[in-house]
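To start, the structure under review is shown below, and the notes come after it.
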Amino acid sequence: VTPFQHVDVVETVPFGKALLIDGLMQSADLDEHVYHECLVHPALLSHPNPKTVYIGGGGEGSTAREVLKHTTVEKCVMVDIDGDVVDFCRKALPQNAAVWTDARLELFIDDAKKRLVDSPIQFDVIIMDLDDPLEGGPCYLLYTKSFYELCRSKLNPGGILVTQSSSGGVKNHNLVFTPVHNTLKQVFPQVRGYNQAIYSFADEWAWNMACLAPHPTPTAEEIDDRIEKRISGELKFLDGCSFLGVFCMSKALRIALQQETRVLSEADTARFQGGTGVISKP
């Protein structure tokens, strides 16, 4: 138990080693690469030359691992509020050991919003790898319109913001995915939602990618070429074909995104999910 949340690493038969936060599955050996590749690479591969990347959250290190595969990246700033989680994952998840010694990584144990406000540099890509927005938890204020306006102000021209957006399946897509999508649309000229089945989550998962300027959809061949030229190491899930596939959502989900009217704000916490998280407040 940390000052912010409950953290466990457990061994499971179907998924292998799994990380739980507040009783919710965060990642598992079986398919964590699917989640993290979908979170990171669509944004970085859509950008023509990402050099500076900001990660909000991502305490287990897997998001930074994927970012640092990009040879164009010169600086990756990672900010997680819970140092206990970071320390715990450094010991419990040896597959990410190389991340913590990469000279391009700057790790801060701090509030992600505060560190972004105070940042002396702008970023090409901002990645928000957060817990779901549980009311009273450490992250729910980082899914609001005002926070996305801050992100927009901290992006370089042509910059991209991507955020995990919880369930993107047939039953629960309206809890986080669609309102986050509509909230981002109030701030950015181009927002693209996408989803992918994550077996250990027992659901399809969703992400939202928001761009300061419209980015045309690359072809599968263009993505494969960028992967070959930019990425050091292996991508186990994502290639040109699967890149296009994650953006091909069902008709029902596309309609739900189009019809969503909610905008998440700090003043309306009733729209956030109830949860067991705790947060210290001044």
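Residue names in the structure tokens use chain letters A, B, ... in the order shown, residue numbers from 1 in each chain, and ligand numbers from 1 in the order shown.
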
Note to self: At a cut-off of 8 Å, using only C-alpha atoms, what residues contact Gly158 (chain A)? Leave out same-chain residues fewer than 2 positions from it and give the result as an MDAnalysis selection string.
What the structure shows: chainID A and resid 47 124 155:156 160 211:213

Give me the residues within 8 Å of Tyr54 (chain A) as a JSON list (two decimals) with N, CA and C atoms, in the first residue's frame, counting only C-alpha atoms and dropping any in the same chain fewer than 2 places off.
```
[["chain", "number", "residue", "atom", "x", "y", "z"],
["A", 52, "THR", "N", 11.39, 14.92, -28.52],
["A", 52, "THR", "CA", 11.14, 15.13, -27.09],
["A", 52, "THR", "C", 9.78, 14.54, -26.74],
["A", 56, "GLY", "N", 3.29, 11.05, -18.73],
["A", 56, "GLY", "CA", 2.62, 11.23, -17.44],
["A", 56, "GLY", "C", 2.17, 9.88, -16.94],
["A", 76, "CYS", "N", 13.37, 11.81, -23.07],
["A", 76, "CYS", "CA", 12.09, 11.26, -22.61],
["A", 76, "CYS", "C", 11.93, 11.61, -21.14],
["A", 77, "VAL", "N", 11.00, 12.49, -20.86],
["A", 77, "VAL", "CA", 10.73, 12.92, -19.48],
["A", 77, "VAL", "C", 9.54, 12.11, -18.96],
["A", 78, "MET", "N", 9.77, 11.36, -17.90],
["A", 78, "MET", "CA", 8.72, 10.53, -17.31],
["A", 78, "MET", "C", 8.43, 11.03, -15.90],
["A", 79, "VAL", "N", 7.15, 11.26, -15.61],
["A", 79, "VAL", "CA", 6.75, 11.80, -14.31],
["A", 79, "VAL", "C", 5.65, 10.92, -13.73],
["A", 123, "PHE", "N", 7.30, 19.76, -26.05],
["A", 123, "PHE", "CA", 7.40, 18.34, -26.40],
["A", 123, "PHE", "C", 6.77, 18.08, -27.76],
["A", 125, "VAL", "N", 5.69, 14.89, -28.47],
["A", 125, "VAL", "CA", 4.63, 13.95, -28.13],
["A", 125, "VAL", "C", 4.46, 13.93, -26.62],
["A", 126, "ILE", "N", 3.21, 13.97, -26.17],
["A", 126, "ILE", "CA", 2.86, 13.80, -24.76],
["A", 126, "ILE", "C", 2.04, 12.54, -24.64],
["A", 127, "ILE", "N", 2.44, 11.64, -23.74],
["A", 127, "ILE", "CA", 1.77, 10.36, -23.54],
["A", 127, "ILE", "C", 1.26, 10.31, -22.11]]
```

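Between CA of Ser242 (chain A) and CA of Thr12 (chain A) the interatomic distance comes to 27.7 Å.
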
Note to self: Ranking A:Val170, A:Val10, A:Val180, A:Ile81 by minimum distance to Asp203 (chain A) and counting only C-alpha atoms, which one comes first?
What the structure shows: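 For Asp203 (chain A), the nearest of the given residues is A:Val170.
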
Margin query: Could you list, as a ChimeraX atom specification, every residue within 8 Å of region 150-154 of chain A, counting only C-alpha atoms and ignoring same-chain residues fewer than 6 positions away?
Written below: /A:116-117,121-123,126,161,187-188,212

Same residues, N, CA and C atoms, output as a PDB file, in the first residue's frame:
```pdb
ATOM      1  N   LEU A 116       4.577  19.363 -15.779  1.00  0.00           N
ATOM      2  CA  LEU A 116       4.332  19.838 -17.139  1.00  0.00           C
ATOM      3  C   LEU A 116       4.225  21.359 -17.162  1.00  0.00           C
ATOM      4  N   VAL A 117       3.528  21.928 -16.185  1.00  0.00           N
ATOM      5  CA  VAL A 117       3.422  23.387 -16.084  1.00  0.00           C
ATOM      6  C   VAL A 117       4.807  24.018 -15.982  1.00  0.00           C
ATOM      7  N   ILE A 121      10.875  23.102 -21.411  1.00  0.00           N
ATOM      8  CA  ILE A 121      10.905  22.728 -22.829  1.00  0.00           C
ATOM      9  C   ILE A 121       9.519  22.334 -23.307  1.00  0.00           C
ATOM     10  N   GLN A 122       9.343  22.367 -24.616  1.00  0.00           N
ATOM     11  CA  GLN A 122       8.140  21.876 -25.263  1.00  0.00           C
ATOM     12  C   GLN A 122       8.369  20.434 -25.704  1.00  0.00           C
ATOM     13  N   PHE A 123       7.299  19.755 -26.047  1.00  0.00           N
ATOM     14  CA  PHE A 123       7.402  18.338 -26.401  1.00  0.00           C
ATOM     15  C   PHE A 123       6.770  18.080 -27.765  1.00  0.00           C
ATOM     16  N   ILE A 126       3.215  13.974 -26.171  1.00  0.00           N
ATOM     17  CA  ILE A 126       2.863  13.802 -24.763  1.00  0.00           C
ATOM     18  C   ILE A 126       2.037  12.536 -24.641  1.00  0.00           C
ATOM     19  N   LEU A 161      -0.738  14.476 -28.678  1.00  0.00           N
ATOM     20  CA  LEU A 161      -1.049  13.965 -27.342  1.00  0.00           C
ATOM     21  C   LEU A 161      -1.792  12.652 -27.496  1.00  0.00           C
ATOM     22  N   VAL A 187     -10.533  20.877 -27.694  1.00  0.00           N
ATOM     23  CA  VAL A 187      -9.211  21.493 -27.538  1.00  0.00           C
ATOM     24  C   VAL A 187      -8.335  21.329 -28.779  1.00  0.00           C
ATOM     25  N   PHE A 188      -8.454  20.190 -29.461  1.00  0.00           N
ATOM     26  CA  PHE A 188      -7.570  19.869 -30.582  1.00  0.00           C
ATOM     27  C   PHE A 188      -8.364  19.783 -31.883  1.00  0.00           C
ATOM     28  N   LEU A 212      -2.158  18.612 -32.915  1.00  0.00           N
ATOM     29  CA  LEU A 212      -2.226  20.065 -33.077  1.00  0.00           C
ATOM     30  C   LEU A 212      -2.517  20.457 -34.517  1.00  0.00           C
TER      31      LEU A 212
END
```

Note to self: Excluding Val191 (chain A) and its own-chain neighbours fewer than 4 positions away, which residues fall within 7 Å of it when counting only C-alpha atoms? Please give them as a list of chain:residue names.
What the structure shows: A:Leu184, A:Lys185, A:Asn208, A:Met209, A:Ala210, A:Cys211

Next item on the list: Run DSSP on the backbone and grab whatever in region 205-275 of chain A lands in strand (DSSP E or B); send it over as a ChimeraX atom specification.
Entry: /A:205-211,231,273

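Among the candidates A:Gln95, A:Gln196, A:Gln258, A:Gln164, the one nearest to Thr178 (chain A) when counting only C-alpha atoms is A:Gln258.
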
Next item on the list: Could you please write out, as a PyMOL selection string, every residue of region 31-96 of chain A that DSSP assigns to helix (DSSP H, G or I)?
Entry: chain A and resi 32-46+62-67+83-92+94-96

Check: Which residue, A:Glu234, A:Asp8, A:Glu260, A:Glu222, has the smallest gap to Lys69 (chain A) when you use only C-alpha atoms?
Finding: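 Between A:Glu234, A:Asp8, A:Glu260, A:Glu222, the residue approaching Lys69 (chain A) most closely is A:Glu234.
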
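Using only C-alpha atoms, the shortest contact distance between Gly16 (chain A) and any of A:Thr71, A:Ser62, A:Ser232, A:Ser200 is found at A:Ser200.
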
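Between CA of Lys114 (chain A) and CA of Glu149 (chain A) lies a distance of 13.8 Å.
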
Margin query: Under the rule that only C-alpha atoms are counted, which of A:Leu238, A:Ile198, A:Ala252, A:Leu93 is the nearest residue to Pro42 (chain A)?
Written below: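 When distances to Pro42 (chain A) are compared using only C-alpha atoms, the smallest one comes from A:Leu238.
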
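Straight-line separation from CA of Leu39 (chain A) to CA of Val13 (chain A): 25.6 Å.
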
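For the choices A:Pro50, A:Gly57, A:Glu66, A:Val1, the atom-to-atom distance to Leu235 (chain A) is smallest for A:Glu66 when using only C-alpha atoms.
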
Could you pull the residues within 12 Å of Ser167 (chain A), counting only C-alpha atoms, minus those fewer than 3 positions along the same chain, as a compact mmCIF listing (two decimals) with N, CA, C and O atoms, in the first residue's frame?
```txt
# COMPACT_ATOMS: atom_id res chain seq x y z
N TYR A 35 -0.76 -3.62 -25.20
CA TYR A 35 -1.22 -2.34 -24.64
C TYR A 35 -0.19 -1.24 -24.88
O TYR A 35 -0.51 -0.15 -25.37
N ASP A 131 -3.72 5.69 -14.48
CA ASP A 131 -4.82 4.88 -14.00
C ASP A 131 -6.13 5.45 -14.55
O ASP A 131 -6.20 6.61 -14.96
N ASP A 132 -7.16 4.64 -14.54
CA ASP A 132 -8.47 5.15 -14.93
C ASP A 132 -8.89 6.29 -14.01
O ASP A 132 -8.43 6.38 -12.86
N PRO A 133 -9.76 7.19 -14.47
CA PRO A 133 -10.13 8.36 -13.68
C PRO A 133 -11.11 8.03 -12.56
O PRO A 133 -12.31 8.31 -12.62
N GLN A 164 -4.33 6.94 -22.65
CA GLN A 164 -5.13 5.73 -22.47
C GLN A 164 -6.52 6.17 -22.08
O GLN A 164 -6.71 7.15 -21.38
N VAL A 170 -17.89 -3.12 -26.15
CA VAL A 170 -19.30 -2.87 -26.44
C VAL A 170 -20.08 -2.40 -25.23
O VAL A 170 -21.06 -1.65 -25.35
N LYS A 171 -19.67 -2.77 -24.01
CA LYS A 171 -20.46 -2.46 -22.83
C LYS A 171 -20.03 -1.17 -22.14
O LYS A 171 -20.89 -0.37 -21.74
N ASN A 172 -18.73 -0.94 -21.99
CA ASN A 172 -18.25 0.14 -21.11
C ASN A 172 -17.56 1.28 -21.83
O ASN A 172 -16.95 2.14 -21.17
N HIS A 173 -17.66 1.36 -23.15
CA HIS A 173 -16.95 2.42 -23.87
C HIS A 173 -17.43 3.81 -23.49
O HIS A 173 -16.71 4.79 -23.63
N ASN A 174 -18.67 3.91 -22.98
CA ASN A 174 -19.23 5.21 -22.66
C ASN A 174 -18.79 5.75 -21.30
O ASN A 174 -19.08 6.89 -20.96
N LEU A 175 -18.06 4.95 -20.52
CA LEU A 175 -17.64 5.40 -19.19
C LEU A 175 -16.49 6.40 -19.27
O LEU A 175 -16.49 7.41 -18.56
N VAL A 176 -15.49 6.12 -20.10
CA VAL A 176 -14.31 6.97 -20.18
C VAL A 176 -13.96 7.32 -21.63
O VAL A 176 -13.72 8.47 -21.96
N PHE A 177 -13.95 6.32 -22.49
CA PHE A 177 -13.46 6.50 -23.86
C PHE A 177 -14.19 7.61 -24.60
O PHE A 177 -13.55 8.55 -25.12
N THR A 178 -15.51 7.54 -24.66
CA THR A 178 -16.23 8.54 -25.47
C THR A 178 -16.22 9.93 -24.85
O THR A 178 -16.04 10.91 -25.58
N PRO A 179 -16.38 10.09 -23.52
CA PRO A 179 -16.29 11.46 -22.99
C PRO A 179 -14.88 12.05 -23.09
O PRO A 179 -14.74 13.26 -23.31
N VAL A 180 -13.85 11.24 -22.94
CA VAL A 180 -12.49 11.76 -23.14
C VAL A 180 -12.30 12.19 -24.59
O VAL A 180 -11.72 13.25 -24.87
N GLY A 193 -9.82 8.24 -32.15
CA GLY A 193 -9.91 7.16 -31.19
C GLY A 193 -9.55 5.84 -31.84
O GLY A 193 -9.71 5.66 -33.05
N TYR A 194 -9.05 4.90 -31.02
CA TYR A 194 -8.77 3.57 -31.54
C TYR A 194 -8.83 2.57 -30.41
O TYR A 194 -8.79 2.93 -29.23
N ASN A 195 -8.97 1.30 -30.76
CA ASN A 195 -9.08 0.27 -29.72
C ASN A 195 -8.47 -1.04 -30.19
O ASN A 195 -8.22 -1.25 -31.38
N GLN A 196 -8.26 -1.92 -29.21
CA GLN A 196 -7.66 -3.22 -29.47
C GLN A 196 -8.00 -4.15 -28.31
O GLN A 196 -8.00 -3.73 -27.15
N ALA A 197 -8.30 -5.38 -28.61
CA ALA A 197 -8.58 -6.36 -27.56
C ALA A 197 -7.32 -6.65 -26.76
O ALA A 197 -6.25 -6.90 -27.31
N ILE A 198 -7.46 -6.57 -25.43
CA ILE A 198 -6.39 -6.92 -24.50
C ILE A 198 -6.90 -8.08 -23.66
O ILE A 198 -7.78 -7.92 -22.81
N PHE A 201 -7.16 -7.90 -19.89
CA PHE A 201 -8.16 -6.94 -19.41
C PHE A 201 -9.59 -7.45 -19.59
O PHE A 201 -10.53 -6.80 -19.17
N ALA A 202 -9.73 -8.59 -20.27
CA ALA A 202 -11.05 -9.17 -20.55
C ALA A 202 -11.95 -8.18 -21.28
O ALA A 202 -13.16 -8.12 -21.05
N ASP A 203 -11.34 -7.39 -22.16
CA ASP A 203 -12.12 -6.37 -22.87
C ASP A 203 -11.28 -5.82 -24.02
O ASP A 203 -10.08 -6.09 -24.12
N GLU A 204 -11.93 -5.04 -24.86
CA GLU A 204 -11.20 -4.19 -25.78
C GLU A 204 -10.77 -2.95 -25.01
O GLU A 204 -11.50 -2.46 -24.15
N TRP A 205 -9.57 -2.45 -25.33
CA TRP A 205 -9.09 -1.24 -24.66
C TRP A 205 -9.00 -0.11 -25.65
O TRP A 205 -8.90 -0.33 -26.86
N ALA A 206 -9.04 1.13 -25.15
CA ALA A 206 -9.14 2.28 -26.03
C ALA A 206 -8.10 3.34 -25.70
O ALA A 206 -7.65 3.47 -24.56
N TRP A 207 -7.76 4.10 -26.74
CA TRP A 207 -6.83 5.22 -26.62
C TRP A 207 -7.39 6.35 -27.48
O TRP A 207 -8.13 6.13 -28.42
N ASN A 208 -7.00 7.57 -27.13
CA ASN A 208 -7.35 8.74 -27.94
C ASN A 208 -6.07 9.49 -28.30
O ASN A 208 -5.24 9.77 -27.43
N LEU A 253 -19.39 1.76 -32.26
CA LEU A 253 -18.45 2.57 -31.50
C LEU A 253 -18.19 3.91 -32.18
O LEU A 253 -18.11 4.95 -31.53
```
